[in-house]
>>> print(open('start_22.txt').read())   # compact mmCIF, C-alpha atoms
# COMPACT_ATOMS: atom_id res chain seq x y z
CA MET A 1 0.00 0.00 0.00
CA ALA A 2 1.38 3.41 -0.85
CA ARG A 3 2.74 5.59 1.91
CA THR A 4 -0.12 7.97 1.34
CA THR A 5 -2.57 8.79 -1.36
CA LEU A 6 -1.91 12.50 -0.89
CA PRO A 7 0.37 14.10 -3.48
CA ALA A 8 3.92 14.18 -2.19
CA ALA A 9 4.20 17.97 -2.30
CA TYR A 10 0.97 18.40 -0.32
CA GLN A 11 1.96 15.78 2.20
CA GLN A 12 5.29 17.47 2.84
CA LYS A 13 3.56 20.80 3.34
CA VAL A 14 1.14 19.32 5.81
CA LEU A 15 3.71 17.42 7.82
CA SER A 16 6.05 20.37 8.00
CA ALA A 17 3.17 22.53 9.28
CA ALA A 18 4.17 25.29 6.92
CA PRO A 19 2.54 28.65 7.76
CA ASP A 20 0.37 28.54 4.68
CA SER A 21 -3.17 29.87 4.72
CA GLU A 22 -4.34 26.70 2.97
CA LEU A 23 -3.34 24.61 5.97
CA HIS A 24 -5.57 26.55 8.32
CA SER A 25 -8.81 25.93 6.50
CA TYR A 26 -11.39 24.15 8.64
CA ASN A 27 -12.18 22.01 5.62
CA GLN A 28 -8.85 20.25 6.04
CA ALA A 29 -9.33 19.33 9.69
CA LEU A 30 -9.98 15.66 9.01
CA PRO A 31 -7.17 15.07 6.48
CA LEU A 32 -4.76 16.98 8.71
CA MET A 33 -5.71 14.88 11.71
CA MET A 34 -5.22 11.71 9.73
CA VAL A 35 -1.80 12.77 8.48
CA ARG A 36 -0.82 13.71 12.04
CA TYR A 37 -1.81 10.47 13.74
CA LEU A 38 -1.81 7.74 11.11
CA GLY A 39 1.35 6.19 9.78
CA PRO A 40 1.85 4.57 6.41
CA GLY A 41 -0.76 1.98 5.58
CA LEU A 42 -3.34 3.24 8.05
CA LEU A 43 -3.28 6.64 6.35
CA GLY A 44 -4.05 5.09 2.98
CA LEU A 45 -6.81 3.05 4.57
CA GLY A 46 -8.27 6.14 6.20
CA ILE A 47 -8.22 8.17 2.99
CA THR A 48 -9.82 5.23 1.18
CA ALA A 49 -12.55 5.09 3.80
CA LEU A 50 -13.20 8.83 3.39
CA ILE A 51 -13.50 8.51 -0.38
CA ALA A 52 -15.64 5.37 -0.09
CA GLY A 53 -17.97 7.17 2.32
CA PHE A 54 -18.25 10.07 -0.08
CA MET A 55 -19.00 7.78 -3.02
CA SER A 56 -21.62 5.90 -1.05
CA GLY A 57 -23.37 9.09 -0.01
CA MET A 58 -23.15 10.50 -3.51
CA ALA A 59 -24.60 7.33 -5.03
CA GLY A 60 -27.49 7.29 -2.60
CA ASN A 61 -28.29 10.97 -3.09
CA VAL A 62 -28.07 10.76 -6.87
CA SER A 63 -30.31 7.71 -6.91
CA ALA A 64 -32.88 9.35 -4.64
CA PHE A 65 -32.82 12.57 -6.66
CA SER A 66 -33.40 10.70 -9.92
CA THR A 67 -36.24 8.64 -8.45
CA VAL A 68 -38.03 11.59 -6.87
CA TRP A 69 -37.70 13.68 -10.01
CA THR A 70 -38.89 10.93 -12.37
CA TYR A 71 -41.70 9.36 -10.34
CA ASP A 72 -42.91 12.20 -8.11
CA LEU A 73 -42.53 15.22 -10.39
CA TYR A 74 -42.01 14.34 -14.05
CA LYS A 75 -44.42 11.43 -14.36
CA PRO A 76 -47.46 12.84 -12.49
CA LEU A 77 -47.05 16.49 -13.49
CA ILE A 78 -45.35 16.64 -16.88
CA ASN A 79 -45.76 13.43 -18.85
CA LYS A 80 -48.20 10.81 -17.53
CA LYS A 81 -48.25 8.67 -20.63
CA GLY A 82 -44.60 7.96 -21.24
CA SER A 83 -43.21 4.49 -21.80
CA ASP A 84 -40.92 2.73 -19.33
CA SER A 85 -37.90 3.29 -21.55
CA HIS A 86 -38.75 6.97 -21.71
CA TYR A 87 -38.83 7.26 -17.89
CA VAL A 88 -35.54 5.36 -17.69
CA MET A 89 -34.03 7.91 -20.08
CA VAL A 90 -35.47 10.77 -18.00
CA GLY A 91 -34.02 9.24 -14.85
CA ARG A 92 -30.58 8.89 -16.41
CA LEU A 93 -30.65 12.41 -17.77
CA SER A 94 -31.68 13.78 -14.40
CA ILE A 95 -28.63 12.09 -12.85
CA VAL A 96 -26.30 13.83 -15.30
CA ILE A 97 -27.98 17.20 -14.74
CA GLY A 98 -28.10 16.69 -10.97
CA VAL A 99 -24.40 15.91 -10.76
CA ALA A 100 -23.62 18.95 -12.92
CA ILE A 101 -25.68 21.14 -10.56
CA SER A 102 -23.92 19.67 -7.53
CA ILE A 103 -20.54 20.46 -9.08
CA GLY A 104 -21.70 24.03 -9.57
CA ALA A 105 -22.93 24.11 -5.97
CA GLY A 106 -19.44 23.07 -4.91
CA TYR A 107 -18.12 26.40 -6.19
CA LEU A 108 -20.60 28.20 -3.95
CA VAL A 109 -18.82 26.70 -0.96
CA GLN A 110 -15.84 28.87 -1.80
CA HIS A 111 -17.82 31.86 -0.53
CA ALA A 112 -18.61 30.23 2.80
CA HIS A 113 -16.31 30.02 5.81
CA GLY A 114 -16.10 26.30 5.24
CA ILE A 115 -17.96 23.26 4.01
CA MET A 116 -19.52 22.70 7.42
CA ASP A 117 -20.97 26.23 7.54
CA TYR A 118 -22.42 25.79 4.07
CA VAL A 119 -23.89 22.38 4.84
CA GLN A 120 -25.37 23.49 8.16
CA ALA A 121 -26.90 26.54 6.49
CA LEU A 122 -28.59 24.27 3.96
CA PHE A 123 -29.69 21.88 6.67
CA SER A 124 -31.18 24.70 8.72
CA ILE A 125 -33.20 25.81 5.69
CA PHE A 126 -34.42 22.44 4.39
CA ILE A 127 -33.95 19.75 7.03
CA ALA A 128 -35.09 21.57 10.16
CA PRO A 129 -38.63 22.17 8.82
CA LEU A 130 -38.67 18.61 7.54
CA LEU A 131 -37.89 17.32 11.03
CA ALA A 132 -40.91 19.05 12.51
CA THR A 133 -43.08 17.77 9.66
CA ILE A 134 -41.96 14.18 10.08
CA LEU A 135 -42.20 14.19 13.88
CA LEU A 136 -45.72 15.62 13.90
CA GLY A 137 -46.78 13.30 11.08
CA MET A 138 -45.44 10.28 12.90
CA PHE A 139 -46.69 11.02 16.41
CA TRP A 140 -49.80 13.16 16.02
CA LYS A 141 -52.79 11.52 14.39
CA ARG A 142 -54.54 14.86 14.01
CA ALA A 143 -51.95 16.17 11.54
CA THR A 144 -53.33 16.54 8.04
CA ARG A 145 -51.76 16.31 4.62
CA LEU A 146 -52.35 19.94 3.73
CA ALA A 147 -50.94 21.03 7.08
CA GLY A 148 -47.78 19.00 6.47
CA PHE A 149 -47.31 20.46 3.02
CA LEU A 150 -47.93 24.06 4.08
CA GLY A 151 -45.84 23.66 7.21
CA LEU A 152 -42.88 22.38 5.21
CA LEU A 153 -43.28 25.01 2.52
CA PHE A 154 -43.62 27.96 4.88
CA GLY A 155 -40.93 26.58 7.17
CA ILE A 156 -38.44 26.52 4.30
CA VAL A 157 -39.45 30.01 3.20
CA PHE A 158 -39.21 31.27 6.79
CA SER A 159 -35.75 29.79 7.32
CA ALA A 160 -34.48 31.06 3.97
CA SER A 161 -35.87 34.49 4.80
CA LEU A 162 -34.04 34.52 8.14
CA PHE A 163 -30.84 33.61 6.32
CA GLU A 164 -31.23 36.40 3.79
CA TRP A 165 -32.36 38.89 6.45
CA VAL A 166 -29.14 38.48 8.40
CA HIS A 167 -27.15 38.45 5.17
CA LEU A 168 -28.60 41.82 4.13
CA TYR A 169 -28.70 43.36 7.61
CA PRO A 170 -25.91 41.85 9.74
CA ALA A 171 -27.15 43.67 12.86
CA LYS A 172 -30.25 41.45 12.85
CA LEU A 173 -28.05 38.56 13.89
CA ALA A 174 -28.80 39.61 17.46
CA TYR A 175 -32.44 38.65 16.94
CA VAL A 176 -31.79 35.34 15.22
CA ALA A 177 -28.85 34.05 17.26
CA LEU A 178 -29.58 36.08 20.44
CA SER A 179 -26.14 37.70 20.24
CA PRO A 180 -24.62 40.23 17.83
CA ASP A 181 -21.30 38.39 18.08
CA ALA A 182 -22.62 34.94 17.25
CA LYS A 183 -20.51 32.87 14.91
CA PRO A 184 -22.00 31.52 11.65
CA MET A 185 -22.44 28.04 13.11
CA ALA A 186 -24.37 29.41 16.08
CA GLU A 187 -26.55 31.36 13.67
CA ASN A 188 -27.21 28.17 11.69
CA VAL A 189 -28.24 26.25 14.79
CA PHE A 190 -30.55 28.97 16.04
CA ARG A 191 -32.08 29.40 12.60
CA ALA A 192 -32.75 25.65 12.50
CA LEU A 193 -34.44 25.89 15.90
CA TRP A 194 -36.72 28.76 14.86
CA ALA A 195 -37.55 27.06 11.56
CA CYS A 196 -38.44 23.84 13.33
CA LEU A 197 -40.69 25.63 15.83
CA PHE A 198 -42.32 27.75 13.14
CA THR A 199 -43.08 24.69 11.03
CA ALA A 200 -44.57 22.87 14.01
CA ILE A 201 -46.82 25.84 14.79
CA VAL A 202 -48.01 26.09 11.17
CA ILE A 203 -48.76 22.37 11.03
CA PHE A 204 -50.61 22.51 14.34
CA VAL A 205 -52.75 25.50 13.39
CA VAL A 206 -53.56 24.34 9.84
CA SER A 207 -54.39 20.85 11.12
CA LEU A 208 -57.04 22.30 13.44
CA PHE A 209 -58.79 23.86 10.44
CA THR A 210 -58.53 20.88 8.08
CA LYS A 211 -60.13 17.48 8.11
CA PRO A 212 -57.94 14.64 9.37
CA ARG A 213 -57.86 11.19 7.92
CA PRO A 214 -59.95 8.48 9.60
CA VAL A 215 -57.97 6.70 12.28
CA ALA A 216 -58.36 3.39 10.49
CA GLU A 217 -56.38 4.74 7.53
CA LEU A 218 -53.46 5.74 9.75
CA ASP A 219 -52.51 2.19 10.77
CA GLY A 220 -48.87 1.72 9.85
CA LEU A 221 -48.28 5.47 9.62
CA VAL A 222 -48.75 6.99 13.05
CA TYR A 223 -47.20 5.74 16.27
CA GLY A 224 -49.83 4.83 18.83
CA ILE A 225 -52.30 3.71 16.21
CA THR A 226 -50.06 1.15 14.56
CA LYS A 227 -50.10 -2.32 16.07
CA LEU A 228 -46.48 -3.18 16.65
CA PRO A 229 -45.67 -6.81 15.82
CA ARG A 230 -44.75 -9.01 18.73
CA GLU A 231 -41.08 -9.87 18.75
CA GLU A 232 -40.17 -13.50 19.12
CA PRO A 233 -37.37 -14.39 21.55
CA VAL A 234 -33.95 -14.44 19.92
CA PRO A 235 -30.43 -15.34 21.12
CA PHE A 236 -28.84 -12.54 23.15
CA TYR A 237 -26.37 -11.67 20.38
CA LYS A 238 -29.29 -10.98 18.02
CA ASN A 239 -31.13 -8.80 20.53
CA GLU A 240 -30.68 -5.11 19.80
CA TRP A 241 -30.69 -4.20 23.49
CA THR A 242 -27.56 -6.28 24.06
CA TRP A 243 -25.64 -4.27 21.52
CA ALA A 244 -27.17 -0.99 22.64
CA ILE A 245 -26.02 -1.62 26.22
CA LEU A 246 -22.58 -2.62 24.99
CA VAL A 247 -22.28 0.58 22.98
CA VAL A 248 -23.31 2.67 25.99
CA ILE A 249 -20.72 0.92 28.17
CA ILE A 250 -17.96 1.53 25.60
CA PHE A 251 -19.11 5.14 25.23
CA ALA A 252 -18.93 5.70 28.99
CA ALA A 253 -15.54 3.99 29.24
CA LEU A 254 -14.05 6.10 26.46
CA ASN A 255 -15.40 9.28 28.02
CA ILE A 256 -13.83 8.35 31.37
CA LEU A 257 -10.57 7.37 29.70
CA PHE A 258 -10.21 10.49 27.62
CA TRP A 259 -11.94 13.03 29.86
CA MET B 1 -33.85 -18.03 -8.59
CA ARG B 2 -31.11 -20.14 -7.07
CA SER B 3 -28.06 -18.05 -6.15
CA SER B 4 -24.76 -19.19 -7.50
CA GLY B 5 -21.17 -18.10 -7.32
CA ILE B 6 -19.11 -16.84 -4.45
CA PRO B 7 -20.74 -14.35 -2.06
CA ILE B 8 -19.24 -10.89 -2.11
CA TRP B 9 -18.55 -11.09 1.62
CA PHE B 10 -15.87 -13.64 0.87
CA PHE B 11 -14.00 -11.14 -1.29
CA ILE B 12 -14.46 -8.45 1.34
CA GLY B 13 -12.94 -10.86 3.85
CA VAL B 14 -10.00 -11.49 1.52
CA LEU B 15 -9.39 -7.76 1.15
CA LEU B 16 -9.56 -7.24 4.91
CA VAL B 17 -7.11 -10.08 5.51
CA VAL B 18 -4.64 -8.74 2.93
CA TYR B 19 -4.84 -5.14 4.18
CA GLY B 20 -4.78 -6.26 7.79
CA LEU B 21 -1.67 -8.39 7.32
CA MET B 22 0.11 -5.64 5.41
CA ILE B 23 -0.63 -3.01 8.05
CA PHE B 24 0.11 -5.44 10.88
CA GLY B 25 3.39 -6.41 9.25
CA TYR B 26 4.44 -2.80 8.87
CA GLY B 27 3.42 -2.11 12.47
CA VAL B 28 5.55 -4.97 13.75
CA TYR B 29 8.47 -3.75 11.60
CA GLU B 30 8.34 -0.19 12.94
CA TRP B 31 7.89 -1.43 16.54
CA HIS B 32 10.84 -3.79 16.20
CA THR B 33 13.20 -1.36 14.49
CA GLY B 34 12.04 1.73 16.34
CA ILE B 35 11.98 3.64 13.04
CA TYR B 36 8.79 5.69 13.00
CA PRO B 37 7.54 8.12 10.34
CA PRO B 38 8.71 11.64 11.14
CA LEU B 39 6.16 14.06 12.64
CA VAL B 40 3.51 11.36 13.15
CA GLN B 41 2.22 11.60 16.73
CA LEU B 42 1.43 8.93 19.33
CA THR B 43 3.58 6.29 17.68
CA SER B 44 4.01 4.71 21.13
CA LEU B 45 0.47 3.38 20.83
CA HIS B 46 1.57 1.19 17.89
CA MET B 47 -1.72 1.64 16.10
CA PRO B 48 -0.78 -0.29 12.94
CA VAL B 49 -0.22 -3.42 15.03
CA TRP B 50 -3.60 -3.34 16.74
CA TRP B 51 -5.66 -2.11 13.83
CA GLY B 52 -3.89 -4.39 11.38
CA GLY B 53 -4.49 -7.34 13.64
CA LEU B 54 -8.13 -6.45 14.10
CA LEU B 55 -8.64 -6.08 10.35
CA ALA B 56 -6.99 -9.41 9.68
CA LEU B 57 -9.08 -11.17 12.33
CA LEU B 58 -12.28 -9.66 10.99
CA GLY B 59 -11.27 -10.66 7.47
CA LEU B 60 -10.55 -14.20 8.62
CA PHE B 61 -14.00 -14.39 10.14
CA TYR B 62 -15.64 -13.31 6.88
CA VAL B 63 -13.48 -15.61 4.78
CA THR B 64 -14.30 -18.57 6.98
CA LYS B 65 -17.99 -17.90 7.30
CA PHE B 66 -18.59 -17.15 3.61
CA ARG B 67 -16.09 -19.46 1.95
CA PRO B 68 -17.32 -21.15 -1.26
CA GLY B 69 -19.18 -24.34 -0.54
CA ARG B 70 -20.24 -23.26 2.90
CA ALA B 71 -22.11 -20.08 1.96
CA GLY B 72 -25.87 -20.45 1.74
CA LYS B 73 -25.97 -23.08 4.51
>>> encode(input="start_22.txt", output="structure tokens")
Amino acid sequence: MARTTLPAAYQQKVLSAAPDSELHSYNQALPLMMVRYLGPGLLGLGITALIAGFMSGMAGNVSAFSTVWTYDLYKPLINKKGSDSHYVMVGRLSIVIGVAISIGAGYLVQHAHGIMDYVQALFSIFIAPLLATILLGMFWKRATRLAGFLGLLFGIVFSASLFEWVHLYPAKLAYVALSPDAKPMAENVFRALWACLFTAIVIFVVSLFTKPRPVAELDGLVYGITKLPREEPVPFYKNEWTWAILVVIIFAALNILFW
Amino acid sequence: MRSSGIPIWFFIGVLLVVYGLMIFGYGVYEWHTGIYPPLVQLTSLHMPVWWGGLLALLGLFYVTKFRPGRAGK
């Protein structure tokens, strides 16, 4: 196995801790840590694992994007009467276009403090409202379809508006993140919190004014209404609680060891 | 449809064994000679030895459990 998969010139720069601005980017925290603590062999394995993880995530996201576009948007809204081969072609084309868009989005990261800031900003805009929607949909039988849709839509708009509001008027950061000196990551977390709460409120209010589904139709969808199957006894090593307890013990031990 | 061929887990086990032995071997070499890569920290923990050994053991488990002829039982 090669000493490292990093180019030799880059590796030398990293190991020598040269005072280069590139070395102080937060984006390089993980590769820098790996170069610092992993020797030959393990370093290559670690880099391979990083790249494999990226490829796996990319494959899953691309596949999901193509499926959602083809079956949830294109087929019901644009072309209902296409043949199977046509939808396959649409799916493949959407993958190419989606990857091209993601490459373009990568250049947007250059304007952010780091990849993490960019990702957390996106999560606070899209994922935080989705969390409230899913939680209420799963645990509250009174939630309605229209309420879920409007809650998600308005939650995303609300979160994006908060983002742009602070971007245009930096002083408003004090209202969003409760401090004028808050760092971008703190702002992201607070924005996610407000978006989640706002979405939950919208879903709650709209649900009260819309007709819910009959309880019988919610079996398998809402917790509390769904009959959970009875679990048969299994050997201890196949019981999830065994492994959960083991993980907690290891977690506690590592915290004590490295406190 | 009856499955045929060698399960992929066998090949994963082979890879783990090969990588594990290589890393373990290097770890033993650097521990024995005392020659460690410059600027790499915590070499006293001898991570290649432990991780290489663990990888190899895990690979051996997969190779044994999913070897051709036994897989599918």
>>> residues_around(input="start_22.txt", residues="stretch 21-30 of chain B", least_positions_apart="6", cutoff="7 Å", atoms="only C-alpha atoms", output="PyMOL selection string")
(chain A and resi 41-42) or (chain B and resi 36+46+48-49+52-53+56)
>>> closest_residue(input="start_22.txt", among="A:Asn27, A:Ser83, A:Phe54, A:Leu93", to="A:Trp69", atoms="all atoms listed in the file")
A:Leu93
>>> interface_residues(input="start_22.txt", of="chain B", to="chain A", cutoff="7 Å", atoms="all atoms listed in the file", output="PDB file with C-alpha atoms, in the frame of the given file")
ATOM      1  CA  ILE B  23      -0.630  -3.010   8.050  1.00  0.00           C
ATOM      2  CA  PRO B  37       7.540   8.120  10.340  1.00  0.00           C
ATOM      3  CA  LEU B  39       6.160  14.060  12.640  1.00  0.00           C
ATOM      4  CA  VAL B  40       3.510  11.360  13.150  1.00  0.00           C
ATOM      5  CA  GLN B  41       2.220  11.600  16.730  1.00  0.00           C
ATOM      6  CA  LEU B  42       1.430   8.930  19.330  1.00  0.00           C
ATOM      7  CA  PRO B  48      -0.780  -0.290  12.940  1.00  0.00           C
TER       8      PRO B  48
END
>>> atom_distance(input="start_22.txt", atom1="atom CA of A:Ser207", atom2="atom CA of A:Ala147")
5.3 Å
>>> atom_distance(input="start_22.txt", atom1="atom CA of A:Leu130", atom2="atom CA of A:Ala105")
21.5 Å
>>> residues_around(input="start_22.txt", residues="B:Val14", least_positions_apart="5", cutoff="12 Å", atoms="all atoms listed in the file", output="ChimeraX atom specification")
/B:7-9,19-21,55-67
>>> atom_distance(input="start_22.txt", atom1="atom CA of A:Leu146", atom2="atom CA of A:Leu197")
17.7 Å
>>> closest_atom_pairs(input="start_22.txt", of="stretch 121-155 of chain A", to="stretch 220-225 of chain A", cutoff="9 Å", atoms="all atoms listed in the file", output="JSON lines")
{"residue": "A:Gly137", "atom": "CA", "partner": "A:Val222", "partner_atom": "CA", "distance": 6.9}
{"residue": "A:Met138", "atom": "CA", "partner": "A:Val222", "partner_atom": "CA", "distance": 4.7}
{"residue": "A:Phe139", "atom": "CA", "partner": "A:Tyr223", "partner_atom": "CA", "distance": 5.3}
{"residue": "A:Trp140", "atom": "CA", "partner": "A:Val222", "partner_atom": "CA", "distance": 6.9}
{"residue": "A:Lys141", "atom": "CA", "partner": "A:Val222", "partner_atom": "CA", "distance": 6.2}
